[in-house]
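Encoded as structure tokens, the structure appears first; notes follow it.
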Amino acid sequence: MSISRRVRLHIWLRLLFLQASWNFERLQGIGFFYALLPGLKKLYRKDELRDVSRRYVGYFNTHVYLAPLVAGAVLKLEEQKAAGQADPDFSIEEFKEMVAAPYAAIGDALFWGGLRPLAAGVSLFFAVKGILWAPLIFIILYNIVPIWFRTVFFVRGYRQGMDSVKFIQEHKLPDWAIHTKEAAVVVLGGLSAFMVFSQLTHHQLPGWLGLLTLLPMVMLSLIARKGVSTLVLVFITVGTIFLLGLFWVDMIQLFALWGAK
Amino acid sequence: MVFSLSLGALVSLICGLDRVAILQVMISRPIVAAPLVALLLGEPLVGLQIGVMVELLWLARLPVGAAVPPDDTQVAIATSVLTVIFERALNTSGIELILLCLLIATPLGKVGQYFDHYARQYNVSLATRVDTALDQGALTRAEFLHLRGLVSFTLAALGTYAVIMAGGLVAVPLLWPLIQKSFGYSTAWVELALPLIGVAVVLGTINVSRAITLFCASFCMAFLLMWLV
């Protein structure tokens, strides 16, 4: 028995709620069961369905955008199992465990570590210029890839079952994650230069001062690498600037008094 | 003020759910959430300025595995609402007030981390109840219990928003007269420093070999182009 397109669409929509009950014990486990349930209901009846459901509510964690790929593949495997065509040497649980963690690592690096800073960097150029469309630019830029992953990968997963792993290997996603992160660093470099230049121009200060900004930035990044929290860095930097501002104003007043005498 | 607070709470709820529980289409990112709430309150440019600073400030904090980052979404929303409220109440405008609201809201964002943690901890009890429901063959109840997790995340988002708003509503009127003038000497540089700190933290934590070299090359190239051409 195959799962109809309508049920698959239902499952895909439910995957958007994958993390609704995210918890420290089973992470996305219940969400994964919730998403697959319409399909499982088509394949199994009563007691059998209850037993299969119990298998799915356990621990499960992968990247939220790659979960549809796992769900599609698992659905195919369940379909094969219900039809008595399953591989006896390899269980569906083993497949889930085998792919979930690597997919989570790939997704974290690609989406959170690479694509998000990249899309933010690009859209912030517009935001710094005061263009009100900047948030929309961010949403569109960022979501193109995740929507593609969520839809195409779900279809691929269902079509290829266990072979969907090859699909991931062919796309060399870990390499793409590195390229995206590198692109994000380059964009953030350009964005920082743009913000510094805009500020210097606004205050009619000499341009060469901007190049000096690199020194505290590199220092701060090395401190951050040691594990110092962003909050600490913020309050130290803001406090220093605040005190320097007051000192500078006092000095100007002092020089003015001197000049008057 | 009640209208502004309620509108902020509504945006906080929607964006708070997008952050973890549903969709993840990134309307929860500060660059989206802050301008969105500020637009609804009639001050979109204020939201845009706040969005730029908060987005870059917390860009390096990733929700990897079971890690719960500070709630930058609620910081961005609450800062926008606080700024708009006090702009009207104190009859003032400008970056000084935005920065004061942001500097009060940012440490309070840590509260969001704890609330989010409690929500996820509470959801463990839902998992146990799902097991019981399945033992009884009550699949619909198990589905419902999954969706009940949304309540925990909603309360965490609204709780964080409420704490930041309460802190801001008390602290801003107290601090504003004290630092209004002296803060004015340094605000332009603080406004620049905050996003640059965020970028520096990204550089320090991003897992890319030669990240600092790439960054410096890109910075110098872009800066020289703008300066000399």
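Residues in the structure tokens are named by chain (A, B, ... in the order shown) and by number from 1 within that chain; ligands are numbered from 1 in the order shown.
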| request: Would you mind listing what lies within 8 Å of region 200-204 of chain B as a PyMOL selection string, with only C-alpha atoms counted and same-chain residues fewer than 5 positions away left out? | output: (chain A and resi 185+217-218+220-225+230) or (chain B and resi 59-60+211-212+215)
| task | Name all residues at most 8 Å from Gly16 (chain B) (count only C-alpha atoms; drop same-chain ones fewer than 3 positions away) and give them as a count of residues only. | result | 11
| message | I need the residues in region 3-224 of chain B that are alpha helix (DSSP H) according to DSSP; give them as a PyMOL selection string. | response | chain B and resi 3-19+30-40+44-57+72-89+95-135+139-184+187-205+211-224
| message | Please report the interatomic distance between CA of Ala66 (chain B) and CA of Trp112 (chain A) in Å with one decimal. | response | 14.0 Å
Any chance you could tabulate, as CSV, the residues of region 4-100 of chain B at most 12 Å from region 143-147 of chain B with each one's nearest atom pair and distance in Å to one decimal, using only C-alpha atoms, in chain and rising number order?
```
residue,atom,partner,partner_atom,distance
B:Leu17,CA,B:Leu147,CA,11.9
B:Ala21,CA,B:Leu147,CA,9.5
B:Ile22,CA,B:Leu147,CA,10.2
```
Keeping C-alpha atoms for every residue in the selection just given, could you write it to a file as a PDB file, in the first residue's frame?
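The result, stored in part_0.pdb:
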```pdb
ATOM      1  CA  LEU B  17       6.931  30.703  18.492  1.00  0.00           C
ATOM      2  CA  ALA B  21       8.431  25.779  18.119  1.00  0.00           C
ATOM      3  CA  ILE B  22       6.942  26.330  14.660  1.00  0.00           C
TER       4      ILE B  22
END
```
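Distances to chain A were evaluated for B:Leu175, B:Val11, B:Leu41, B:Val208 using only C-alpha atoms, and the minimum falls at B:Val208.
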| request: Would you mind telling me which residue in B:Gly149, B:Gly42, B:Gly109, B:Pro69 lies nearest to chain A when using only C-alpha atoms? | output: B:Gly149
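You can rank B:Gln121, B:Thr79, B:Thr160, B:Thr128 by their closest distance to chain A using only C-alpha atoms, and at the top of that list sits B:Gln121.
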| field | Who sits within 7 Å of region 105-108 of chain B, only C-alpha atoms, same chain under 6 positions skipped, as JSON, numbers by chain | value | {"A": [231], "B": [75, 79, 164, 168]}
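Of the listed residues A:Leu16, A:Leu173, A:Leu118, A:Leu110, the one whose atoms come nearest to chain B is A:Leu16, with distances taken using only C-alpha atoms.
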| said: List the spatial neighbours of Asp87 (chain A) as a PyMOL selection string - criterion: any atom at most 12 Å away, only C-alpha atoms, same-chain residues fewer than 4 positions off excluded. | reply: chain A and resi 77-78+80-83+91-92+94-95+161-162
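As for CA of Lys129 (chain A) and CA of Gln204 (chain A), they are spaced 17.8 Å apart.
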| B:Leu40, B:Leu139, B:Val229, B:Ile77: which is nearest chain A, counting only C-alpha atoms? | B:Leu139
Tell me, as a short mmCIF file (atom, residue, chain, number, x, y, z; two decimals) with N, CA, C and O atoms, in the first residue's frame, which residues lie within 8 Å of Tyr56 (chain A), counting only C-alpha atoms; anything in the same chain fewer than 4 positions away does not count.
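Result file out-v4.cif:
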```
data_model
loop_
_atom_site.label_atom_id
_atom_site.label_comp_id
_atom_site.auth_asym_id
_atom_site.auth_seq_id
_atom_site.Cartn_x
_atom_site.Cartn_y
_atom_site.Cartn_z
N GLY A 29 11.58 14.16 19.34
CA GLY A 29 10.97 12.82 19.21
C GLY A 29 9.47 12.83 19.04
O GLY A 29 8.94 12.22 18.10
N ILE A 30 8.76 13.54 19.92
CA ILE A 30 7.29 13.54 19.85
C ILE A 30 6.84 14.25 18.57
O ILE A 30 5.87 13.84 17.93
N PHE A 32 8.37 14.33 15.74
CA PHE A 32 8.59 13.45 14.58
C PHE A 32 7.45 12.43 14.48
O PHE A 32 6.94 12.16 13.39
N PHE A 33 7.04 11.92 15.64
CA PHE A 33 5.89 11.00 15.68
C PHE A 33 4.63 11.72 15.20
O PHE A 33 3.86 11.19 14.40
N VAL A 52 3.98 0.67 16.72
CA VAL A 52 4.85 1.47 15.84
C VAL A 52 4.98 2.88 16.41
O VAL A 52 6.08 3.45 16.42
#
```
| task | Could you check which of B:Met165, B:Val32, B:Leu56, B:Ala76 is closest to chain A, using only C-alpha atoms? | result | B:Val32
| message | Give me the residues near Leu224 (chain B) as a ChimeraX atom specification, where near means some atom within 12 Å (using only C-alpha atoms) and where sequence neighbours in that chain fewer than 4 positions away do not count. | response | /A:190,193-194,196-197,207-211 /B:216-220,228-229
Pull N, CA, C and O atoms from the residues just selected and write them as an mmCIF file, in the first residue's frame.
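Done, and the output landed in selection.cif:
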```
data_model
loop_
_atom_site.group_PDB
_atom_site.id
_atom_site.type_symbol
_atom_site.label_atom_id
_atom_site.label_comp_id
_atom_site.auth_asym_id
_atom_site.auth_seq_id
_atom_site.Cartn_x
_atom_site.Cartn_y
_atom_site.Cartn_z
ATOM 1 N N GLY A 190 32.864 43.623 4.647
ATOM 2 C CA GLY A 190 32.380 44.754 3.844
ATOM 3 C C GLY A 190 31.370 45.590 4.618
ATOM 4 O O GLY A 190 31.417 46.824 4.581
ATOM 5 N N ALA A 193 33.114 47.693 7.283
ATOM 6 C CA ALA A 193 33.793 48.828 6.654
ATOM 7 C C ALA A 193 32.777 49.909 6.280
ATOM 8 O O ALA A 193 33.019 51.104 6.491
ATOM 9 N N PHE A 194 31.647 49.500 5.779
ATOM 10 C CA PHE A 194 30.587 50.434 5.370
ATOM 11 C C PHE A 194 30.056 51.213 6.578
ATOM 12 O O PHE A 194 29.879 52.440 6.513
ATOM 13 N N VAL A 196 31.631 51.749 9.469
ATOM 14 C CA VAL A 196 32.691 52.620 9.998
ATOM 15 C C VAL A 196 32.834 53.848 9.095
ATOM 16 O O VAL A 196 32.884 54.991 9.576
ATOM 17 N N PHE A 197 32.859 53.619 7.778
ATOM 18 C CA PHE A 197 33.023 54.732 6.838
ATOM 19 C C PHE A 197 31.859 55.727 6.948
ATOM 20 O O PHE A 197 32.066 56.941 6.944
ATOM 21 N N GLY A 207 39.493 59.799 6.995
ATOM 22 C CA GLY A 207 39.188 58.428 6.604
ATOM 23 C C GLY A 207 40.136 57.381 7.158
ATOM 24 O O GLY A 207 39.721 56.277 7.519
ATOM 25 N N TRP A 208 41.453 57.726 7.282
ATOM 26 C CA TRP A 208 42.433 56.722 7.725
ATOM 27 C C TRP A 208 42.113 56.164 9.108
ATOM 28 O O TRP A 208 42.527 55.060 9.455
ATOM 29 N N LEU A 209 41.355 56.933 9.905
ATOM 30 C CA LEU A 209 40.984 56.452 11.248
ATOM 31 C C LEU A 209 40.219 55.130 11.186
ATOM 32 O O LEU A 209 40.306 54.298 12.079
ATOM 33 N N GLY A 210 39.475 54.974 10.088
ATOM 34 C CA GLY A 210 38.647 53.775 9.935
ATOM 35 C C GLY A 210 39.451 52.496 9.935
ATOM 36 O O GLY A 210 39.019 51.470 10.481
ATOM 37 N N LEU A 211 40.661 52.569 9.348
ATOM 38 C CA LEU A 211 41.489 51.357 9.272
ATOM 39 C C LEU A 211 41.941 50.912 10.671
ATOM 40 O O LEU A 211 42.204 49.738 10.896
ATOM 41 N N CYS B 216 39.730 40.822 7.480
ATOM 42 C CA CYS B 216 40.568 42.019 7.346
ATOM 43 C C CYS B 216 40.725 42.406 5.874
ATOM 44 O O CYS B 216 40.660 43.587 5.520
ATOM 45 N N ALA B 217 40.941 41.410 5.019
ATOM 46 C CA ALA B 217 41.091 41.686 3.585
ATOM 47 C C ALA B 217 39.821 42.322 3.034
ATOM 48 O O ALA B 217 39.866 43.318 2.300
ATOM 49 N N SER B 218 38.697 41.761 3.393
ATOM 50 C CA SER B 218 37.414 42.276 2.913
ATOM 51 C C SER B 218 37.153 43.682 3.445
ATOM 52 O O SER B 218 36.716 44.573 2.712
ATOM 53 N N PHE B 219 37.453 43.881 4.734
ATOM 54 C CA PHE B 219 37.252 45.190 5.376
ATOM 55 C C PHE B 219 38.099 46.247 4.668
ATOM 56 O O PHE B 219 37.591 47.308 4.280
ATOM 57 N N CYS B 220 39.401 45.944 4.526
ATOM 58 C CA CYS B 220 40.319 46.926 3.928
ATOM 59 C C CYS B 220 39.917 47.235 2.493
ATOM 60 O O CYS B 220 39.898 48.400 2.083
ATOM 61 N N LEU B 228 38.723 56.035 -1.124
ATOM 62 C CA LEU B 228 39.562 56.590 -2.179
ATOM 63 C C LEU B 228 38.861 56.772 -3.525
ATOM 64 O O LEU B 228 39.290 57.609 -4.330
ATOM 65 N N VAL B 229 37.829 55.991 -3.783
ATOM 66 C CA VAL B 229 37.219 56.065 -5.131
ATOM 67 C C VAL B 229 36.099 57.113 -5.143
ATOM 68 O O VAL B 229 35.300 57.183 -4.241
#
```
| Contacts of Ala133 (chain B) at 12 Å or less, counting only C-alpha atoms, minus same-chain residues fewer than 3 places along, as an MDAnalysis selection string? | (chainID A and resid 50 53:54 57) or (chainID B and resid 126:130 136:146)
Write the selection just made, keeping C-alpha atoms, as a short mmCIF file (atom, residue, chain, number, x, y, z; two decimals), in the first residue's frame?
```cif
data_model
loop_
_atom_site.label_atom_id
_atom_site.label_comp_id
_atom_site.auth_asym_id
_atom_site.auth_seq_id
_atom_site.Cartn_x
_atom_site.Cartn_y
_atom_site.Cartn_z
CA ARG A 50 0.22 1.64 18.79
CA SER A 53 3.90 4.82 17.46
CA ARG A 54 5.82 3.87 20.63
CA VAL A 57 8.10 8.92 20.42
CA LEU B 126 4.44 16.03 28.16
CA ALA B 127 6.63 13.23 26.82
CA THR B 128 5.71 11.04 29.81
CA ARG B 129 2.03 11.83 29.26
CA VAL B 130 2.34 10.97 25.56
CA GLN B 136 -4.14 3.63 26.30
CA GLY B 137 -4.31 3.76 22.51
CA ALA B 138 -5.35 7.46 22.63
CA LEU B 139 -3.50 8.73 19.57
CA THR B 140 -5.51 11.95 19.27
CA ARG B 141 -4.62 12.79 22.87
CA ALA B 142 -0.95 12.16 22.10
CA GLU B 143 -1.18 14.56 19.14
CA PHE B 144 -2.88 17.15 21.33
CA LEU B 145 -0.16 16.82 23.98
CA HIS B 146 2.48 17.56 21.35
#
```
